[in-house]
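Q: What follows is query-v4.txt; its format and atoms are compact mmCIF, C-alpha atoms and all ligand atoms.
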# COMPACT_ATOMS: atom_id res chain seq x y z
CA MET A 1 21.80 -70.01 -29.32
CA PRO A 2 23.13 -69.20 -25.82
CA ASP A 3 22.16 -65.53 -26.36
CA ASN A 4 18.46 -66.30 -26.56
CA HIS A 5 18.56 -68.42 -23.45
CA ALA A 6 20.54 -65.81 -21.53
CA ARG A 7 18.01 -63.18 -22.58
CA ARG A 8 15.13 -65.33 -21.33
CA ARG A 9 16.89 -65.87 -18.00
CA THR A 10 17.39 -62.12 -17.69
CA ALA A 11 13.65 -61.58 -18.15
CA LEU A 12 12.95 -64.26 -15.55
CA ARG A 13 15.37 -62.73 -13.04
CA THR A 14 13.43 -59.45 -13.22
CA ARG A 15 10.29 -61.34 -12.24
CA LEU A 16 12.06 -63.12 -9.40
CA ARG A 17 13.23 -59.82 -7.95
CA GLU A 18 9.70 -58.40 -8.27
CA ARG A 19 8.53 -61.28 -6.08
CA GLU A 20 11.45 -60.86 -3.71
CA LEU A 21 12.70 -64.34 -4.47
CA ASP A 22 16.41 -65.08 -4.18
CA ALA A 23 16.16 -67.94 -6.68
CA LEU A 24 13.76 -70.18 -8.58
CA LEU A 25 13.98 -73.96 -8.77
CA VAL A 26 12.81 -74.97 -12.27
CA VAL A 27 11.84 -78.64 -12.59
CA ASP A 28 9.64 -78.61 -15.71
CA LEU A 29 11.82 -79.95 -18.53
CA ARG A 30 10.26 -77.66 -21.14
CA ASN A 31 11.01 -74.70 -18.93
CA VAL A 32 14.57 -75.94 -18.45
CA ARG A 33 14.88 -76.25 -22.21
CA TYR A 34 13.44 -72.78 -22.76
CA LEU A 35 15.90 -71.21 -20.32
CA THR A 36 19.03 -73.18 -21.20
CA GLY A 37 18.66 -75.10 -24.49
CA PHE A 38 19.18 -78.42 -22.70
CA THR A 39 17.06 -81.20 -24.26
CA GLY A 40 17.85 -84.20 -22.04
CA SER A 41 15.20 -86.20 -20.21
CA ASN A 42 16.37 -85.40 -16.67
CA ALA A 43 17.33 -81.97 -15.43
CA ALA A 44 16.50 -79.11 -13.09
CA LEU A 45 17.71 -75.56 -12.92
CA LEU A 46 18.36 -73.17 -10.05
CA VAL A 47 18.02 -69.65 -11.41
CA HIS A 48 19.72 -67.05 -9.24
CA ALA A 49 17.71 -63.82 -9.01
CA ASP A 50 20.68 -61.46 -9.23
CA ASP A 51 23.56 -63.15 -10.91
CA ASP A 52 23.43 -65.42 -13.96
CA GLU A 53 26.94 -66.67 -13.12
CA ARG A 54 25.43 -68.32 -10.06
CA THR A 55 22.65 -70.10 -11.93
CA VAL A 56 23.18 -73.89 -11.90
CA LEU A 57 21.93 -76.59 -14.28
CA CYS A 58 21.71 -80.08 -12.81
CA THR A 59 21.48 -83.31 -14.80
CA ASP A 60 22.83 -86.84 -14.44
CA GLY A 61 25.87 -88.68 -15.77
CA ARG A 62 24.19 -89.80 -18.99
CA TYR A 63 24.14 -86.18 -20.09
CA LEU A 64 27.66 -85.18 -19.09
CA THR A 65 28.74 -84.49 -22.68
CA GLN A 66 25.42 -83.30 -24.06
CA SER A 67 24.90 -80.78 -21.27
CA ALA A 68 28.41 -79.38 -21.78
CA GLN A 69 27.70 -78.91 -25.49
CA GLN A 70 24.20 -77.51 -25.15
CA VAL A 71 24.77 -75.35 -22.10
CA PRO A 72 28.36 -74.08 -22.21
CA ASP A 73 27.43 -70.84 -20.46
CA LEU A 74 26.20 -72.15 -17.08
CA GLU A 75 27.67 -73.97 -14.13
CA ARG A 76 26.63 -77.63 -14.22
CA LEU A 77 26.03 -80.08 -11.42
CA ILE A 78 26.01 -83.79 -12.26
CA GLU A 79 23.97 -85.48 -9.58
CA ARG A 80 20.68 -87.23 -9.09
CA PRO A 81 18.01 -86.60 -8.09
CA CYS A 82 18.47 -83.02 -9.24
CA PRO A 83 15.80 -80.97 -7.40
CA PRO A 84 16.96 -81.78 -3.85
CA ALA A 85 20.60 -81.44 -4.94
CA LEU A 86 19.88 -77.91 -6.14
CA VAL A 87 18.01 -77.01 -2.95
CA GLU A 88 21.03 -78.21 -0.98
CA ARG A 89 23.13 -75.99 -3.19
CA ALA A 90 20.78 -73.05 -2.49
CA ALA A 91 21.20 -73.64 1.24
CA ALA A 92 24.98 -73.84 0.90
CA LYS A 93 25.01 -70.55 -0.99
CA GLY A 94 22.92 -68.84 1.65
CA LEU A 95 19.88 -68.33 -0.59
CA ARG A 96 16.82 -67.78 1.55
CA ARG A 97 13.57 -67.34 -0.38
CA THR A 98 13.65 -69.94 -3.13
CA GLY A 99 10.63 -70.30 -5.37
CA TYR A 100 9.62 -73.70 -6.72
CA GLU A 101 7.24 -74.68 -9.52
CA SER A 102 4.32 -75.62 -7.33
CA HIS A 103 2.26 -76.63 -10.38
CA ARG A 104 4.82 -79.36 -11.08
CA VAL A 105 6.21 -80.49 -7.69
CA THR A 106 4.16 -83.17 -5.94
CA VAL A 107 3.39 -83.04 -2.24
CA ASP A 108 5.81 -85.93 -1.64
CA GLU A 109 8.55 -84.21 -3.61
CA LEU A 110 8.04 -81.05 -1.61
CA ASP A 111 8.81 -82.99 1.60
CA VAL A 112 12.08 -84.14 0.02
CA LEU A 113 12.94 -80.58 -1.02
CA ARG A 114 12.19 -79.27 2.47
CA ALA A 115 14.47 -81.87 4.01
CA ALA A 116 17.21 -80.97 1.52
CA GLY A 117 16.91 -77.30 2.41
CA GLY A 118 17.46 -77.90 6.11
CA GLU A 119 15.20 -76.79 8.92
CA ASP A 120 15.30 -73.03 8.59
CA ALA A 121 17.93 -72.46 5.95
CA VAL A 122 15.86 -72.27 2.75
CA GLU A 123 12.30 -70.96 2.65
CA LEU A 124 10.54 -72.74 -0.23
CA VAL A 125 7.94 -70.45 -1.76
CA ARG A 126 5.20 -71.46 -4.18
CA ALA A 127 5.91 -69.90 -7.56
CA SER A 128 3.76 -71.46 -10.26
CA GLY A 129 3.84 -70.55 -13.91
CA LEU A 130 6.58 -67.91 -13.86
CA VAL A 131 8.43 -69.36 -16.85
CA GLU A 132 5.18 -70.21 -18.63
CA GLN A 133 4.20 -66.53 -18.42
CA LEU A 134 7.36 -65.65 -20.32
CA ARG A 135 6.76 -68.41 -22.85
CA VAL A 136 3.41 -66.95 -23.92
CA VAL A 137 5.12 -64.40 -26.16
CA LYS A 138 7.45 -66.11 -28.61
CA ASP A 139 10.78 -64.72 -29.77
CA ASP A 140 12.01 -64.95 -33.35
CA THR A 141 13.84 -68.24 -32.82
CA GLU A 142 10.70 -69.84 -31.47
CA ILE A 143 8.52 -68.50 -34.27
CA GLU A 144 10.98 -69.87 -36.82
CA ALA A 145 10.72 -73.31 -35.21
CA LEU A 146 6.92 -73.08 -35.31
CA ARG A 147 7.11 -72.03 -38.95
CA MET A 148 9.18 -75.12 -39.77
CA ALA A 149 6.84 -77.36 -37.80
CA CYS A 150 3.83 -75.96 -39.67
CA ALA A 151 5.64 -76.32 -43.00
CA ALA A 152 6.40 -79.99 -42.30
CA ALA A 153 2.69 -80.60 -41.65
CA ASP A 154 1.63 -78.65 -44.76
CA ARG A 155 4.03 -80.63 -46.96
CA ALA A 156 3.05 -83.96 -45.45
CA LEU A 157 -0.61 -83.29 -46.16
CA ALA A 158 0.13 -82.15 -49.72
CA ASP A 159 2.11 -85.36 -50.31
CA LEU A 160 -0.62 -87.51 -48.81
CA ILE A 161 -3.23 -86.07 -51.15
CA GLU A 162 -0.98 -86.01 -54.20
CA HIS A 163 -0.20 -89.71 -53.74
CA GLY A 164 -3.86 -90.63 -53.34
CA GLY A 165 -3.49 -91.38 -49.63
CA LEU A 166 -6.95 -90.07 -48.86
CA ARG A 167 -9.33 -92.41 -50.68
CA PRO A 168 -12.23 -94.75 -50.05
CA GLY A 169 -11.13 -98.15 -48.77
CA ARG A 170 -8.32 -97.01 -46.49
CA THR A 171 -8.68 -97.06 -42.74
CA GLU A 172 -8.31 -94.09 -40.43
CA ARG A 173 -5.26 -95.74 -38.88
CA GLU A 174 -3.58 -96.22 -42.27
CA VAL A 175 -4.10 -92.56 -43.12
CA ALA A 176 -2.76 -91.44 -39.72
CA ARG A 177 0.35 -93.62 -40.08
CA GLU A 178 1.06 -92.35 -43.59
CA LEU A 179 0.58 -88.73 -42.57
CA GLU A 180 2.93 -89.14 -39.62
CA GLY A 181 5.55 -90.86 -41.78
CA ARG A 182 5.41 -88.05 -44.29
CA MET A 183 5.90 -85.45 -41.55
CA LEU A 184 9.11 -87.27 -40.57
CA ASP A 185 10.18 -87.12 -44.24
CA HIS A 186 9.80 -83.35 -44.05
CA GLY A 187 11.98 -82.85 -41.02
CA ALA A 188 9.66 -83.47 -38.08
CA ALA A 189 11.11 -85.24 -35.05
CA GLY A 190 7.66 -86.79 -34.65
CA PRO A 191 3.98 -85.92 -34.58
CA SER A 192 3.19 -83.15 -32.12
CA PHE A 193 0.29 -85.18 -30.71
CA GLU A 194 -1.64 -88.32 -31.60
CA SER A 195 -3.06 -87.54 -35.04
CA ILE A 196 -6.81 -87.40 -35.44
CA VAL A 197 -8.23 -89.01 -38.57
CA ALA A 198 -12.00 -89.23 -38.42
CA THR A 199 -14.22 -90.35 -41.26
CA GLY A 200 -18.00 -90.19 -41.75
CA ALA A 201 -19.95 -90.01 -38.50
CA ASN A 202 -16.64 -90.19 -36.58
CA SER A 203 -15.85 -86.69 -37.81
CA ALA A 204 -18.57 -85.44 -35.44
CA VAL A 205 -16.41 -86.53 -32.49
CA PRO A 206 -14.03 -83.63 -31.79
CA HIS A 207 -11.11 -85.74 -30.48
CA HIS A 208 -11.75 -89.04 -32.22
CA ARG A 209 -8.83 -91.51 -32.11
CA PRO A 210 -8.08 -93.27 -35.41
CA THR A 211 -9.66 -96.71 -35.69
CA ASP A 212 -9.97 -99.38 -38.37
CA ALA A 213 -13.04 -97.55 -39.71
CA VAL A 214 -12.89 -97.47 -43.51
CA LEU A 215 -13.11 -94.25 -45.49
CA ALA A 216 -16.15 -94.34 -47.80
CA ALA A 217 -17.31 -92.23 -50.74
CA GLY A 218 -19.42 -89.31 -49.54
CA ASP A 219 -17.70 -89.11 -46.14
CA LEU A 220 -16.44 -86.00 -44.46
CA VAL A 221 -12.87 -86.79 -43.37
CA LYS A 222 -11.33 -84.65 -40.65
CA LEU A 223 -7.54 -84.61 -40.15
CA ASP A 224 -6.12 -82.85 -37.09
CA PHE A 225 -2.38 -83.25 -36.74
CA GLY A 226 0.91 -81.48 -36.31
CA ALA A 227 4.67 -81.81 -36.48
CA LEU A 228 7.32 -81.41 -33.80
CA VAL A 229 10.42 -79.42 -34.81
CA ASP A 230 13.11 -78.27 -32.34
CA GLY A 231 10.68 -78.97 -29.51
CA TYR A 232 7.92 -76.78 -31.01
CA HIS A 233 4.47 -78.08 -31.96
CA SER A 234 2.36 -77.26 -34.97
CA ASP A 235 -1.38 -77.84 -35.03
CA MET A 236 -3.68 -77.88 -38.07
CA THR A 237 -7.07 -79.33 -38.95
CA ARG A 238 -8.51 -79.70 -42.41
CA THR A 239 -11.76 -81.41 -43.37
CA PHE A 240 -12.24 -83.02 -46.78
CA VAL A 241 -15.09 -84.63 -48.66
CA LEU A 242 -14.56 -87.92 -50.48
CA GLY A 243 -16.37 -87.32 -53.74
CA ALA A 244 -19.00 -84.71 -54.55
CA PRO A 245 -20.22 -82.98 -51.37
CA ALA A 246 -23.87 -83.13 -50.38
CA ASP A 247 -25.57 -79.79 -49.82
CA TRP A 248 -25.51 -80.17 -46.03
CA GLN A 249 -21.78 -80.89 -46.13
CA ARG A 250 -21.03 -77.83 -48.19
CA GLU A 251 -23.24 -75.63 -45.99
CA LEU A 252 -21.56 -76.94 -42.86
CA TYR A 253 -18.16 -76.37 -44.38
CA ASP A 254 -18.95 -72.83 -45.49
CA LEU A 255 -20.31 -72.00 -42.03
CA VAL A 256 -17.20 -73.24 -40.24
CA ALA A 257 -14.96 -71.51 -42.77
CA ALA A 258 -16.79 -68.23 -42.16
CA ALA A 259 -16.47 -68.65 -38.39
CA GLN A 260 -12.78 -69.44 -38.76
CA ALA A 261 -12.22 -66.34 -40.89
CA ALA A 262 -14.00 -64.23 -38.27
CA GLY A 263 -11.80 -65.70 -35.57
CA ARG A 264 -8.64 -64.97 -37.53
CA ALA A 265 -9.79 -61.41 -38.22
CA ALA A 266 -10.30 -60.88 -34.47
CA LEU A 267 -6.69 -61.80 -33.67
CA ARG A 268 -5.48 -58.33 -32.86
CA VAL A 269 -3.01 -56.96 -30.37
CA ALA A 270 -4.87 -56.02 -27.16
CA ALA A 271 -7.97 -58.04 -28.09
CA ASP A 272 -9.56 -59.82 -25.12
CA VAL A 273 -9.27 -63.60 -25.65
CA ARG A 274 -13.00 -63.99 -24.89
CA ASP A 275 -13.86 -61.54 -27.65
CA VAL A 276 -11.81 -63.53 -30.15
CA ASP A 277 -13.75 -66.65 -29.18
CA ALA A 278 -17.03 -64.73 -29.41
CA ALA A 279 -16.22 -63.39 -32.88
CA ALA A 280 -16.12 -66.90 -34.32
CA ARG A 281 -18.78 -68.38 -32.03
CA GLY A 282 -21.23 -65.65 -33.00
CA VAL A 283 -21.12 -66.77 -36.63
CA VAL A 284 -21.97 -70.33 -35.60
CA GLU A 285 -24.67 -69.18 -33.17
CA ASP A 286 -26.31 -66.98 -35.78
CA ALA A 287 -26.64 -70.06 -37.97
CA GLY A 288 -28.41 -71.89 -35.13
CA HIS A 289 -25.55 -74.31 -34.40
CA GLY A 290 -24.14 -72.67 -31.27
CA GLU A 291 -24.61 -75.74 -29.10
CA ARG A 292 -22.80 -77.88 -31.69
CA PHE A 293 -19.54 -75.91 -31.33
CA LEU A 294 -18.32 -78.03 -28.45
CA HIS A 295 -15.01 -76.48 -27.44
CA GLY A 296 -13.02 -73.27 -27.16
CA LEU A 297 -11.89 -71.44 -30.28
CA GLY A 298 -8.20 -72.02 -29.83
CA HIS A 299 -5.12 -72.27 -27.65
CA GLY A 300 -1.52 -71.20 -27.49
CA VAL A 301 1.11 -73.49 -29.04
CA GLY A 302 4.83 -73.69 -28.44
CA LEU A 303 6.93 -76.10 -26.40
CA GLU A 304 3.57 -77.65 -25.46
CA ILE A 305 0.74 -78.46 -27.82
CA HIS A 306 -1.75 -76.74 -25.52
CA GLU A 307 -0.48 -73.75 -23.60
CA ALA A 308 -1.60 -70.23 -22.71
CA PRO A 309 -3.50 -68.27 -23.84
CA ALA A 310 -6.85 -70.05 -24.07
CA LEU A 311 -9.10 -68.43 -26.68
CA ALA A 312 -12.31 -69.42 -24.95
CA LYS A 313 -15.32 -68.14 -23.03
CA THR A 314 -13.45 -69.08 -19.88
CA GLY A 315 -10.13 -67.57 -21.03
CA GLU A 316 -8.45 -64.58 -19.45
CA GLY A 317 -6.25 -61.81 -20.70
CA LYS A 318 -5.45 -59.92 -23.84
CA LEU A 319 -3.42 -60.78 -26.89
CA SER A 320 0.09 -59.45 -27.42
CA ALA A 321 2.29 -59.41 -30.51
CA GLY A 322 4.31 -62.60 -30.71
CA MET A 323 1.72 -64.93 -29.20
CA ALA A 324 1.27 -68.13 -31.23
CA VAL A 325 -2.28 -69.46 -31.16
CA THR A 326 -4.67 -71.73 -33.01
CA VAL A 327 -8.06 -70.74 -34.39
CA GLU A 328 -10.18 -73.87 -34.70
CA PRO A 329 -13.94 -73.62 -34.70
CA GLY A 330 -15.89 -76.79 -35.36
CA VAL A 331 -19.50 -77.79 -35.77
CA TYR A 332 -20.39 -81.41 -35.02
CA LEU A 333 -23.63 -83.03 -36.13
CA SER A 334 -23.85 -86.16 -34.02
CA GLY A 335 -24.29 -89.31 -36.08
CA ARG A 336 -23.74 -87.50 -39.39
CA GLY A 337 -20.42 -85.71 -39.46
CA GLY A 338 -18.50 -82.66 -38.42
CA VAL A 339 -16.22 -80.00 -39.80
CA ARG A 340 -13.31 -78.32 -38.05
CA ILE A 341 -10.85 -75.94 -39.67
CA GLU A 342 -7.75 -75.03 -37.69
CA ASP A 343 -4.76 -72.83 -38.34
CA THR A 344 -1.73 -71.90 -36.27
CA LEU A 345 -1.03 -68.15 -36.38
CA VAL A 346 1.19 -65.55 -34.75
CA VAL A 347 -0.39 -62.36 -33.41
CA ARG A 348 1.27 -59.34 -34.99
CA ASP A 349 0.78 -55.59 -35.07
CA GLY A 350 -1.76 -55.48 -37.89
CA ASP A 351 -2.77 -58.77 -39.52
CA PRO A 352 -1.73 -62.01 -37.85
CA GLU A 353 0.90 -64.18 -39.55
CA LEU A 354 -0.53 -67.44 -40.86
CA LEU A 355 1.84 -70.38 -40.34
CA THR A 356 -0.30 -73.26 -41.63
CA LEU A 357 -0.58 -72.52 -45.33
CA THR A 358 -2.67 -75.42 -46.66
CA THR A 359 -5.75 -74.13 -48.49
CA LYS A 360 -9.00 -73.72 -46.59
CA GLN A 361 -11.13 -74.06 -49.72
CA LEU A 362 -13.27 -77.18 -49.55
CA VAL A 363 -11.07 -79.84 -51.14
CA VAL A 364 -12.92 -82.70 -52.76
CA VAL A 365 -10.71 -85.78 -53.04
ZN ZN A 401 -5.51 -79.54 -33.75
ZN ZN A 402 -5.55 -77.28 -31.58
Represent the structure from my file as structure tokens, please.
Ligand code: ZN
Ligand code: ZN

A:
Amino acid sequence: MPDNHARRRTALRTRLRERELDALLVVDLRNVRYLTGFTGSNAALLVHADDDERTVLCTDGRYLTQSAQQVPDLERLIERPCPPALVERAAAKGLRRTGYESHRVTVDELDVLRAAGGEDAVELVRASGLVEQLRVVKDDTEIEALRMACAAADRALADLIEHGGLRPGRTEREVARELEGRMLDHGAAGPSFESIVATGANSAVPHHRPTDAVLAAGDLVKLDFGALVDGYHSDMTRTFVLGAPADWQRELYDLVAAAQAAGRAALRVAADVRDVDAAARGVVEDAGHGERFLHGLGHGVGLEIHEAPALAKTGEGKLSAGMAVTVEPGVYLSGRGGVRIEDTLVVRDGDPELLTLTTKQLVVV
């Protein structure tokens, strides 16, 4: 896939020139991966603003072979620690204004970089989030990885239910372990975050961690989980009822489902992210449960489980085609139970593309 990575570097170089930077030091490993395809655990990248031939990937000796295979198209430097080695290289090449990822470099590390750049040779310039801004809109390769990650989660959940994995008597931890194992069976490298399995009153806790609590007949059971495929994260929540639902459970479910549908319908190119949040939140507020919807409507997903854009009251910006986001309203009745329904979708011209395909009908198990 060198073509994709080269294309992304080209887009980044345009931004560097707009900011009159001669180069950018990339230290975030996800950003390094995005720009080069390198998946090792130690690396940094010096992106030259004008000439891709002068961009340098640095890693250490453990990745000598892997880096040659994954990144055949760039000069490589095998040295550690990488960031100061690349700043030294920038100085040697006569690069002046060199941006660094100020949202990732610590104050102590900055001192080391300054020393490596020499007194007046390299001017280190704060440049936070430049690669992340590119990552907000996904290309086809990324969307395909997200599709596979969502499919692994869909299949794992279908298997879990088909094999009776969701039943009274099991613990939240047992269900979480089984779900995660089944995602591995369907091609996931791992779970994309610590799975949430929350039964009964625990389902009213938005980010409950699985415990030894036992699933019981009549419980709402909330599963929020995802799979990791090619570095990309899927994210899905479904809420079930063990046995026949009580009226309040069905009403709560129908309300959240209606809010979720409104949120999905608001996912349009050029929509303000706050308006998308408001579309779903309004449904919950109209039902008198506004203060029980305790979080934003959704978030971007990609190389990170939570990334831009935030679909929230406090979010900023407008949607563009190719953004991958979640829509996940929830209503939480403290001490009783909660419902959240979450999909991962891609914003498209016209209707968004749904990646998490598990039914959103109330499933009674
Ligand atoms: Zn989730
Ligand atoms: Zn989420």

Q: Set out as JSON lines a contact list for chain A and ligand ZN 401 (chain A) with a cut-off of 7 Å, giving each residue of chain A that qualifies its closest atom pair and distance in Å to one decimal, counting all atoms listed in the file, ordered by chain and rising residue number.

A:
{"residue": "A:Asp224", "atom": "CA", "partner": "A:ZN401", "partner_atom": "ZN", "distance": 4.7}
{"residue": "A:Phe225", "atom": "CA", "partner": "A:ZN401", "partner_atom": "ZN", "distance": 5.7}
{"residue": "A:Asp235", "atom": "CA", "partner": "A:ZN401", "partner_atom": "ZN", "distance": 4.6}
{"residue": "A:Met236", "atom": "CA", "partner": "A:ZN401", "partner_atom": "ZN", "distance": 5.0}
{"residue": "A:Thr237", "atom": "CA", "partner": "A:ZN401", "partner_atom": "ZN", "distance": 5.4}
{"residue": "A:Glu342", "atom": "CA", "partner": "A:ZN401", "partner_atom": "ZN", "distance": 6.4}

Q: Got a sec: who's within 7 Å of stretch 301-304 of chain A, counting all atoms listed in the file, leaving out chain neighbours fewer than 4 positions off, as a ChimeraX atom specification?

A: /A:30,231-233,324-325

Q: Counting only C-alpha atoms, what are the residues of stretch 48-157 of chain A within 9 Å of stretch 171-186 of chain A, and for each of them which pair of atoms is the nearest and at what distance in Å, to one decimal? Sort the table by chain and rising number, as a tab-separated table.

A:
residue	atom	partner	partner_atom	distance
A:Ala149	CA	A:Met183	CA	9.0
A:Ala151	CA	A:His186	CA	8.2
A:Ala152	CA	A:His186	CA	5.1
A:Ala153	CA	A:Met183	CA	5.8
A:Asp154	CA	A:Met183	CA	8.6
A:Arg155	CA	A:His186	CA	7.0
A:Ala156	CA	A:Arg182	CA	4.9
A:Leu157	CA	A:Leu179	CA	6.6

Q: Which residues come within 8 Å of stretch 248-263 of chain A, counting all atoms listed in the file, excluding same-chain residues fewer than 4 positions away, as a PyMOL selection string?

A: chain A and resi 220+267+276-277+279-284+287+297+327-331+338-342+360+362

Q: Using all atoms listed in the file, determine which residues lie at most 10 Å from stretch 43-58 of chain A, disregarding the query and same-chain residues fewer than 5 positions distant; provide the list as a PyMOL selection string.

A: chain A and resi 6+9-10+12-29+31-33+35-36+38+63+67+71+73-87+89-90+93+95+98-100

Q: Quick one, how far is atom CA of A:Pro210 from atom CA of A:Val197?

A: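 Going from atom CA of A:Pro210 over to atom CA of A:Val197, I get 5.3 Å.
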
Q: Taking only C-alpha atoms and all ligand atoms into account, name the residue in A:Glu101, A:Glu194, A:Glu88, A:Glu119 that is nearest to ligand ZN 402 (chain A).

A: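 Once distances to ligand ZN 402 (chain A) are computed over only C-alpha atoms and all ligand atoms, the minimum belongs to A:Glu194.
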